[in-house]
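A.B. asks: Questions regarding the structure given below will be posed in turn.
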Amino acid sequence: MKFISSLALCLTALFLAGCATQQQTTHDLIITNANVVDVAAGKVLPGRTLVIDDGIIGELADAEAAKGYTATTTIDAQGKYIIPGLWDNHIHLRGGEELKEENKNLLPLFIANGITTVRDAGGDLYPAIRQWRDQITAGELVGPRIITAGPKLDGPDPTWQGSIEVATVAEVPAALDSLQRLGVDFVKIYESTIAGDVFLAIVKEAEARGMMTAGHMPFTVSLGEAIDSGLDITEHLYYAFKAGSPQEDSITNVIRTSYATEKPVGFYTALGWLYNSYDPATAQAFFRHMADANTAVVPTLYISQVLNNLQQDDHSEDQYRAYIGDGIEQTYARRINSAMQQPAETVQFMRNLNAKFQSMVPAMQAAGVTVLAGSDCGAYNSYVYPGLSLHKELEQLVQAGLSPAQALRSATINGARVMGRAAQYGTVEQGKVADLVLLNSNPLENISHTQDIHTIIFGGETYTKQDLLRQVATDQRQ
Ligand SMILES: [Zn+2]
């Protein structure tokens, strides 16, 4: 009796061990012979085998250790490079109810371009965005992981539809309550009409509640004040540029005083004063303060370039127009019309300003500021196409002076760190989510190689760029 039961136990144990071994070696996906791009170190790890189960990187082994592994799908990545899925850290899903479907149809365009996470910097489609986000997670819809601000916070009668209006400091808690009820991922503040004291009160109150803040900023406050109040991300370079002027305080005071008069100082007038007084040494000291305070920056260089050249550039033959719905394309008129009316000297000034902006990026990087690549694509932002525009931003960042590795970090690990998701995303490592892009060529040699996409791996599925592009073109024409 005793003998039989231990034999049975033994057989059971053998059987279980057999099963366990089998489970270990029959994986969902194995990628062999890969050159893994270690974005943090800025180097290539050659000859790696990636083992992926349930959408997670279970193992990152050398060929020897992975010998004998089997999988449902195997990809031989000989001569190819694997990077983490890209993050576009500044996009917009917006345009109201009538453009909802067109926005939804654009989502696969991000995956087609290797962008597996987007940070939606505010708009008017929030309940729908939450639904898309959940459908994407459930594998029912092809699109990137969405981190969203939901509606923007702004002052009374704001520029953007769907913003929550905050007129006084007393209204701040209720506005943040409503964002918390909506379950948004961060607070986006816009500056079309918001008062300086209300802006700072939002940042402080959000900080006290543990909510992340990002924004534009009224010129009646300084970025230093915003940072000291807890601002986490400064969008675009206008505000850091303002802080690079030794005359920032006096200029800010003049602007503040003018707001109580019939003739408030306009944004472009103020920019002109700042341009004339911008000082790289002052800027450098400020950037170090930004780095110490952990305030990240999203330079959005590419959109400035596109908008500054609207008068001269012909976009009629752009390939990506095939992927943009008619409704969204119509929203492009707003910026095109305003660009067409700009006098030559304004156009020239904006170009000069952009050159100054470009010089700020490597200076910020050197000071230790976290740089986030973001395209600002979305309805109204003419010809800044979802998906493609992030790659153009990466090219701009390198042209401005970042190394390809630094640019790559700005579109992978940096966003994951800033948004508190680095344990799961941002690098190709064991235990992380297998959001991966297989490239035909090395992005550390040339950042444009991020566009040379062979396969995208997302949510346990593999995709090709061509298939997804075809799908988007078809969906937008239905
Ligand atoms: Zn934006």
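For the structure tokens, the naming scheme is as follows: chains receive sequential letters (A, B, ...) according to their order of presentation, residues are indexed from 1 within each chain, and ligands are indexed from 1 in presentation order.
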Hey, could you make a per-residue contact list for chain A against ligand 1 with 12 Å as the cut-off, showing the nearest pair of atoms and its distance in Å to one decimal, counting only C-alpha atoms and all ligand atoms, sorted by chain and number, as JSON lines?

C.D. replies:
{"residue": "A:Asp88", "atom": "CA", "partner": "ligand 1", "partner_atom_place_in_ligand_line": "1 (Zn)", "distance": 11.6}
{"residue": "A:Asn89", "atom": "CA", "partner": "ligand 1", "partner_atom_place_in_ligand_line": "1 (Zn)", "distance": 10.0}
{"residue": "A:His90", "atom": "CA", "partner": "ligand 1", "partner_atom_place_in_ligand_line": "1 (Zn)", "distance": 6.3}
{"residue": "A:Ile91", "atom": "CA", "partner": "ligand 1", "partner_atom_place_in_ligand_line": "1 (Zn)", "distance": 6.3}
{"residue": "A:His92", "atom": "CA", "partner": "ligand 1", "partner_atom_place_in_ligand_line": "1 (Zn)", "distance": 6.3}
{"residue": "A:Leu93", "atom": "CA", "partner": "ligand 1", "partner_atom_place_in_ligand_line": "1 (Zn)", "distance": 10.0}
{"residue": "A:Arg94", "atom": "CA", "partner": "ligand 1", "partner_atom_place_in_ligand_line": "1 (Zn)", "distance": 10.6}
{"residue": "A:Arg119", "atom": "CA", "partner": "ligand 1", "partner_atom_place_in_ligand_line": "1 (Zn)", "distance": 10.3}
{"residue": "A:Asp120", "atom": "CA", "partner": "ligand 1", "partner_atom_place_in_ligand_line": "1 (Zn)", "distance": 8.5}
{"residue": "A:Ala121", "atom": "CA", "partner": "ligand 1", "partner_atom_place_in_ligand_line": "1 (Zn)", "distance": 6.0}
{"residue": "A:Gly122", "atom": "CA", "partner": "ligand 1", "partner_atom_place_in_ligand_line": "1 (Zn)", "distance": 7.6}
{"residue": "A:Gly123", "atom": "CA", "partner": "ligand 1", "partner_atom_place_in_ligand_line": "1 (Zn)", "distance": 9.1}
{"residue": "A:Ala149", "atom": "CA", "partner": "ligand 1", "partner_atom_place_in_ligand_line": "1 (Zn)", "distance": 11.3}
{"residue": "A:Lys152", "atom": "CA", "partner": "ligand 1", "partner_atom_place_in_ligand_line": "1 (Zn)", "distance": 10.4}
{"residue": "A:Trp160", "atom": "CA", "partner": "ligand 1", "partner_atom_place_in_ligand_line": "1 (Zn)", "distance": 10.8}
{"residue": "A:Lys188", "atom": "CA", "partner": "ligand 1", "partner_atom_place_in_ligand_line": "1 (Zn)", "distance": 9.8}
{"residue": "A:Ile189", "atom": "CA", "partner": "ligand 1", "partner_atom_place_in_ligand_line": "1 (Zn)", "distance": 10.7}
{"residue": "A:Tyr190", "atom": "CA", "partner": "ligand 1", "partner_atom_place_in_ligand_line": "1 (Zn)", "distance": 9.2}
{"residue": "A:Glu191", "atom": "CA", "partner": "ligand 1", "partner_atom_place_in_ligand_line": "1 (Zn)", "distance": 11.6}
{"residue": "A:Ala214", "atom": "CA", "partner": "ligand 1", "partner_atom_place_in_ligand_line": "1 (Zn)", "distance": 10.9}
{"residue": "A:Gly215", "atom": "CA", "partner": "ligand 1", "partner_atom_place_in_ligand_line": "1 (Zn)", "distance": 9.2}
{"residue": "A:His216", "atom": "CA", "partner": "ligand 1", "partner_atom_place_in_ligand_line": "1 (Zn)", "distance": 8.9}
{"residue": "A:Thr234", "atom": "CA", "partner": "ligand 1", "partner_atom_place_in_ligand_line": "1 (Zn)", "distance": 11.3}
{"residue": "A:Glu235", "atom": "CA", "partner": "ligand 1", "partner_atom_place_in_ligand_line": "1 (Zn)", "distance": 7.7}
{"residue": "A:His236", "atom": "CA", "partner": "ligand 1", "partner_atom_place_in_ligand_line": "1 (Zn)", "distance": 8.3}
{"residue": "A:Val298", "atom": "CA", "partner": "ligand 1", "partner_atom_place_in_ligand_line": "1 (Zn)", "distance": 9.9}
{"residue": "A:Pro299", "atom": "CA", "partner": "ligand 1", "partner_atom_place_in_ligand_line": "1 (Zn)", "distance": 10.9}
{"residue": "A:Thr300", "atom": "CA", "partner": "ligand 1", "partner_atom_place_in_ligand_line": "1 (Zn)", "distance": 8.7}
{"residue": "A:Leu301", "atom": "CA", "partner": "ligand 1", "partner_atom_place_in_ligand_line": "1 (Zn)", "distance": 11.9}
{"residue": "A:Ile303", "atom": "CA", "partner": "ligand 1", "partner_atom_place_in_ligand_line": "1 (Zn)", "distance": 9.6}
{"residue": "A:Ser304", "atom": "CA", "partner": "ligand 1", "partner_atom_place_in_ligand_line": "1 (Zn)", "distance": 11.4}
{"residue": "A:Gly374", "atom": "CA", "partner": "ligand 1", "partner_atom_place_in_ligand_line": "1 (Zn)", "distance": 8.9}
{"residue": "A:Ser375", "atom": "CA", "partner": "ligand 1", "partner_atom_place_in_ligand_line": "1 (Zn)", "distance": 8.2}
{"residue": "A:Asp376", "atom": "CA", "partner": "ligand 1", "partner_atom_place_in_ligand_line": "1 (Zn)", "distance": 4.7}
{"residue": "A:Cys377", "atom": "CA", "partner": "ligand 1", "partner_atom_place_in_ligand_line": "1 (Zn)", "distance": 7.4}
{"residue": "A:Gly378", "atom": "CA", "partner": "ligand 1", "partner_atom_place_in_ligand_line": "1 (Zn)", "distance": 8.2}
{"residue": "A:Ala379", "atom": "CA", "partner": "ligand 1", "partner_atom_place_in_ligand_line": "1 (Zn)", "distance": 10.1}
{"residue": "A:Tyr380", "atom": "CA", "partner": "ligand 1", "partner_atom_place_in_ligand_line": "1 (Zn)", "distance": 9.9}
{"residue": "A:Asn381", "atom": "CA", "partner": "ligand 1", "partner_atom_place_in_ligand_line": "1 (Zn)", "distance": 8.4}
{"residue": "A:Val384", "atom": "CA", "partner": "ligand 1", "partner_atom_place_in_ligand_line": "1 (Zn)", "distance": 11.2}

A.B. asks: Could you write out, as a ChimeraX atom specification, all the residues of segment 251-470 of chain A that DSSP marks as strand (DSSP E or B)?

C.D. replies: /A:296-298,371,377,433,436-439,453-458,461-463

A.B. asks: Take the residues that were just selected and, keeping all heavy atoms, output them as a compact mmCIF listing (two decimals), in the first residue's frame.

C.D. replies:
# COMPACT_ATOMS: atom_id res chain seq x y z
N ALA A 296 9.62 67.81 -16.82
CA ALA A 296 9.98 67.36 -18.17
C ALA A 296 9.49 68.35 -19.21
O ALA A 296 8.62 69.18 -18.92
CB ALA A 296 9.38 65.98 -18.43
N VAL A 297 10.03 68.24 -20.42
CA VAL A 297 9.65 69.16 -21.49
C VAL A 297 9.30 68.39 -22.77
O VAL A 297 9.91 67.36 -23.06
CB VAL A 297 10.78 70.18 -21.77
CG1 VAL A 297 12.02 69.51 -22.35
CG2 VAL A 297 10.31 71.30 -22.72
N VAL A 298 8.28 68.87 -23.47
CA VAL A 298 7.91 68.29 -24.77
C VAL A 298 8.16 69.38 -25.83
O VAL A 298 7.34 70.27 -26.00
CB VAL A 298 6.42 67.87 -24.80
CG1 VAL A 298 6.13 66.99 -26.01
CG2 VAL A 298 6.02 67.14 -23.53
N VAL A 371 13.64 65.08 -21.72
CA VAL A 371 13.03 65.51 -22.98
C VAL A 371 12.07 64.43 -23.45
O VAL A 371 12.41 63.25 -23.48
CB VAL A 371 14.12 65.77 -24.05
CG1 VAL A 371 13.49 66.15 -25.39
CG2 VAL A 371 15.08 66.87 -23.59
N CYS A 377 0.17 65.92 -33.02
CA CYS A 377 -0.73 65.59 -34.13
C CYS A 377 -2.18 65.52 -33.66
O CYS A 377 -2.45 65.31 -32.49
CB CYS A 377 -0.33 64.25 -34.76
SG CYS A 377 -0.59 62.83 -33.68
N VAL A 433 6.25 44.54 -20.71
CA VAL A 433 5.24 44.29 -21.73
C VAL A 433 5.94 44.27 -23.10
O VAL A 433 6.80 45.10 -23.38
CB VAL A 433 4.16 45.39 -21.69
CG1 VAL A 433 3.19 45.27 -22.86
CG2 VAL A 433 3.42 45.33 -20.35
N LEU A 436 6.85 46.04 -29.02
CA LEU A 436 8.14 46.00 -29.69
C LEU A 436 8.03 46.39 -31.16
O LEU A 436 7.00 46.15 -31.79
CB LEU A 436 8.73 44.58 -29.62
CG LEU A 436 8.89 43.95 -28.23
CD1 LEU A 436 9.19 42.47 -28.36
CD2 LEU A 436 9.98 44.66 -27.44
N VAL A 437 9.10 46.97 -31.67
CA VAL A 437 9.16 47.27 -33.10
C VAL A 437 10.43 46.66 -33.67
O VAL A 437 11.52 46.86 -33.13
CB VAL A 437 9.18 48.80 -33.36
CG1 VAL A 437 8.99 49.07 -34.86
CG2 VAL A 437 8.11 49.51 -32.56
N LEU A 438 10.24 45.89 -34.70
CA LEU A 438 11.36 45.24 -35.39
C LEU A 438 11.72 46.11 -36.59
O LEU A 438 10.89 46.35 -37.46
CB LEU A 438 10.87 43.86 -35.85
CG LEU A 438 11.86 42.75 -36.12
CD1 LEU A 438 12.80 42.57 -34.95
CD2 LEU A 438 11.10 41.45 -36.38
N LEU A 439 12.96 46.63 -36.59
CA LEU A 439 13.40 47.53 -37.66
C LEU A 439 14.37 46.81 -38.58
O LEU A 439 15.12 45.93 -38.15
CB LEU A 439 14.10 48.76 -37.06
CG LEU A 439 13.29 49.62 -36.08
CD1 LEU A 439 14.19 50.68 -35.45
CD2 LEU A 439 12.10 50.27 -36.78
N ILE A 453 10.34 50.04 -40.76
CA ILE A 453 9.68 49.07 -39.88
C ILE A 453 9.41 47.74 -40.58
O ILE A 453 8.80 47.72 -41.66
CB ILE A 453 8.37 49.66 -39.33
CG1 ILE A 453 8.69 50.87 -38.42
CG2 ILE A 453 7.56 48.61 -38.56
CD1 ILE A 453 7.47 51.65 -37.97
N HIS A 454 9.82 46.66 -39.97
CA HIS A 454 9.57 45.32 -40.49
C HIS A 454 8.28 44.73 -39.89
O HIS A 454 7.38 44.33 -40.60
CB HIS A 454 10.77 44.41 -40.19
CG HIS A 454 10.64 43.02 -40.70
ND1 HIS A 454 10.00 42.01 -40.00
CD2 HIS A 454 11.04 42.46 -41.87
CE1 HIS A 454 10.03 40.91 -40.71
NE2 HIS A 454 10.65 41.15 -41.85
N THR A 455 8.21 44.73 -38.56
CA THR A 455 7.06 44.15 -37.86
C THR A 455 6.81 44.92 -36.57
O THR A 455 7.75 45.41 -35.96
CB THR A 455 7.36 42.67 -37.47
OG1 THR A 455 7.73 41.95 -38.64
CG2 THR A 455 6.16 41.99 -36.84
N ILE A 456 5.55 45.00 -36.19
CA ILE A 456 5.21 45.60 -34.91
C ILE A 456 4.61 44.49 -34.05
O ILE A 456 3.77 43.73 -34.53
CB ILE A 456 4.18 46.75 -35.06
CG1 ILE A 456 4.71 47.81 -36.03
CG2 ILE A 456 3.87 47.37 -33.71
CD1 ILE A 456 4.09 47.77 -37.40
N ILE A 457 5.04 44.42 -32.81
CA ILE A 457 4.49 43.42 -31.88
C ILE A 457 3.79 44.17 -30.77
O ILE A 457 4.37 45.02 -30.10
CB ILE A 457 5.61 42.51 -31.34
CG1 ILE A 457 6.17 41.68 -32.51
CG2 ILE A 457 5.09 41.58 -30.25
CD1 ILE A 457 7.61 41.39 -32.41
N PHE A 458 2.51 43.87 -30.62
CA PHE A 458 1.70 44.64 -29.66
C PHE A 458 0.55 43.77 -29.16
O PHE A 458 -0.14 43.14 -29.97
CB PHE A 458 1.14 45.90 -30.35
CG PHE A 458 0.29 46.74 -29.45
CD1 PHE A 458 0.86 47.60 -28.52
CD2 PHE A 458 -1.10 46.66 -29.51
CE1 PHE A 458 0.07 48.36 -27.68
CE2 PHE A 458 -1.90 47.42 -28.68
CZ PHE A 458 -1.30 48.28 -27.76
N GLU A 461 0.11 40.30 -30.46
CA GLU A 461 -0.12 40.13 -31.91
C GLU A 461 1.05 40.73 -32.70
O GLU A 461 1.74 41.61 -32.20
CB GLU A 461 -1.39 40.86 -32.35
CG GLU A 461 -2.66 40.45 -31.62
CD GLU A 461 -3.20 39.10 -32.10
OE1 GLU A 461 -2.96 38.74 -33.26
OE2 GLU A 461 -3.85 38.41 -31.27
N THR A 462 1.21 40.25 -33.94
CA THR A 462 2.21 40.87 -34.80
C THR A 462 1.49 41.57 -35.97
O THR A 462 0.48 41.07 -36.48
CB THR A 462 3.21 39.84 -35.37
OG1 THR A 462 2.46 38.86 -36.07
CG2 THR A 462 4.02 39.18 -34.28
N TYR A 463 2.02 42.72 -36.36
CA TYR A 463 1.41 43.51 -37.43
C TYR A 463 2.48 43.97 -38.41
O TYR A 463 3.63 44.18 -38.03
CB TYR A 463 0.76 44.78 -36.85
CG TYR A 463 -0.33 44.53 -35.85
CD1 TYR A 463 -0.04 44.48 -34.48
CD2 TYR A 463 -1.65 44.35 -36.26
CE1 TYR A 463 -1.05 44.25 -33.55
CE2 TYR A 463 -2.67 44.13 -35.33
CZ TYR A 463 -2.36 44.07 -33.98
OH TYR A 463 -3.36 43.85 -33.06

A.B. asks: Between A:Asn308, A:Glu225, A:Asp279, A:Thr450, which has the minimum distance to Glu345 of chain A (counting only C-alpha atoms)?

C.D. replies: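 Comparing A:Asn308, A:Glu225, A:Asp279, A:Thr450 against Glu345 of chain A, the winner is A:Asn308.
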
A.B. asks: Between A:Gly230, A:Gly196, A:Gly85, A:Pro108, which residue has the minimum interatomic distance to Ile324 of chain A, considering only C-alpha atoms?

C.D. replies: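 Among the listed residues, the smallest separation from Ile324 of chain A belongs to A:Pro108.
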
A.B. asks: Would you give me, as a ChimeraX atom specification, the residues in segment 206-302 of chain A that DSSP reads as alpha helix (DSSP H)?

C.D. replies: /A:206-209,223-229,238-243,248-258,267-277,280-292,301-302

A.B. asks: Need the shell around Tyr425 of chain A: protein/DNA/RNA residues with any atom at most 9 Å away, counting only C-alpha atoms. Skip same-chain ones fewer than 5 positions apart. Format as a list in words?

C.D. replies: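 Counting only C-alpha atoms, the residues come to Pro84, Gly85, Thr412, Ile413, Ala416, Arg417, Lys432, Val433, Ala434 and Asp435 of chain A.
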
A.B. asks: Can you write out the residues you just picked, keeping N, CA, C and O atoms, as a compact mmCIF listing (two decimals), in the first residue's frame?

C.D. replies:
# COMPACT_ATOMS: atom_id res chain seq x y z
N PRO A 84 12.01 49.25 -28.21
CA PRO A 84 10.74 49.24 -27.49
C PRO A 84 9.69 49.99 -28.32
O PRO A 84 10.06 50.87 -29.10
N GLY A 85 8.43 49.66 -28.15
CA GLY A 85 7.36 50.40 -28.81
C GLY A 85 7.53 51.88 -28.51
O GLY A 85 7.89 52.26 -27.39
N THR A 412 10.76 56.67 -25.78
CA THR A 412 10.55 55.33 -25.18
C THR A 412 10.58 55.46 -23.66
O THR A 412 9.57 55.81 -23.05
N ILE A 413 11.75 55.24 -23.08
CA ILE A 413 11.88 55.16 -21.62
C ILE A 413 11.51 56.45 -20.90
O ILE A 413 10.94 56.42 -19.80
N ALA A 416 7.78 56.72 -20.31
CA ALA A 416 7.37 55.68 -19.36
C ALA A 416 7.77 56.08 -17.93
O ALA A 416 7.00 55.90 -16.99
N ARG A 417 8.94 56.67 -17.80
CA ARG A 417 9.39 57.10 -16.46
C ARG A 417 8.54 58.25 -15.95
O ARG A 417 8.06 58.23 -14.82
N LYS A 432 8.99 42.95 -18.91
CA LYS A 432 8.23 44.10 -19.42
C LYS A 432 7.21 43.68 -20.48
O LYS A 432 7.32 42.59 -21.07
N VAL A 433 6.25 44.54 -20.71
CA VAL A 433 5.24 44.29 -21.73
C VAL A 433 5.94 44.27 -23.10
O VAL A 433 6.80 45.10 -23.38
N ALA A 434 5.55 43.30 -23.92
CA ALA A 434 6.21 43.12 -25.23
C ALA A 434 5.61 44.06 -26.27
O ALA A 434 5.03 43.63 -27.27
N ASP A 435 5.75 45.36 -26.05
CA ASP A 435 5.43 46.36 -27.07
C ASP A 435 6.74 46.59 -27.81
O ASP A 435 7.64 47.25 -27.28

A.B. asks: Fewer than 5 positions away in the same chain doesn't count, so skip those; otherwise give me all residues within 7 Å of Thr73 of chain A, counting only C-alpha atoms, as a short mmCIF file (atom, residue, chain, number, x, y, z; two decimals) with C-alpha atoms, in the first residue's frame.

C.D. replies:
data_model
loop_
_atom_site.label_atom_id
_atom_site.label_comp_id
_atom_site.auth_asym_id
_atom_site.auth_seq_id
_atom_site.Cartn_x
_atom_site.Cartn_y
_atom_site.Cartn_z
CA ASP A 28 3.59 32.12 -27.77
CA LEU A 29 6.33 33.87 -29.70
CA ILE A 30 10.06 33.56 -30.02
#
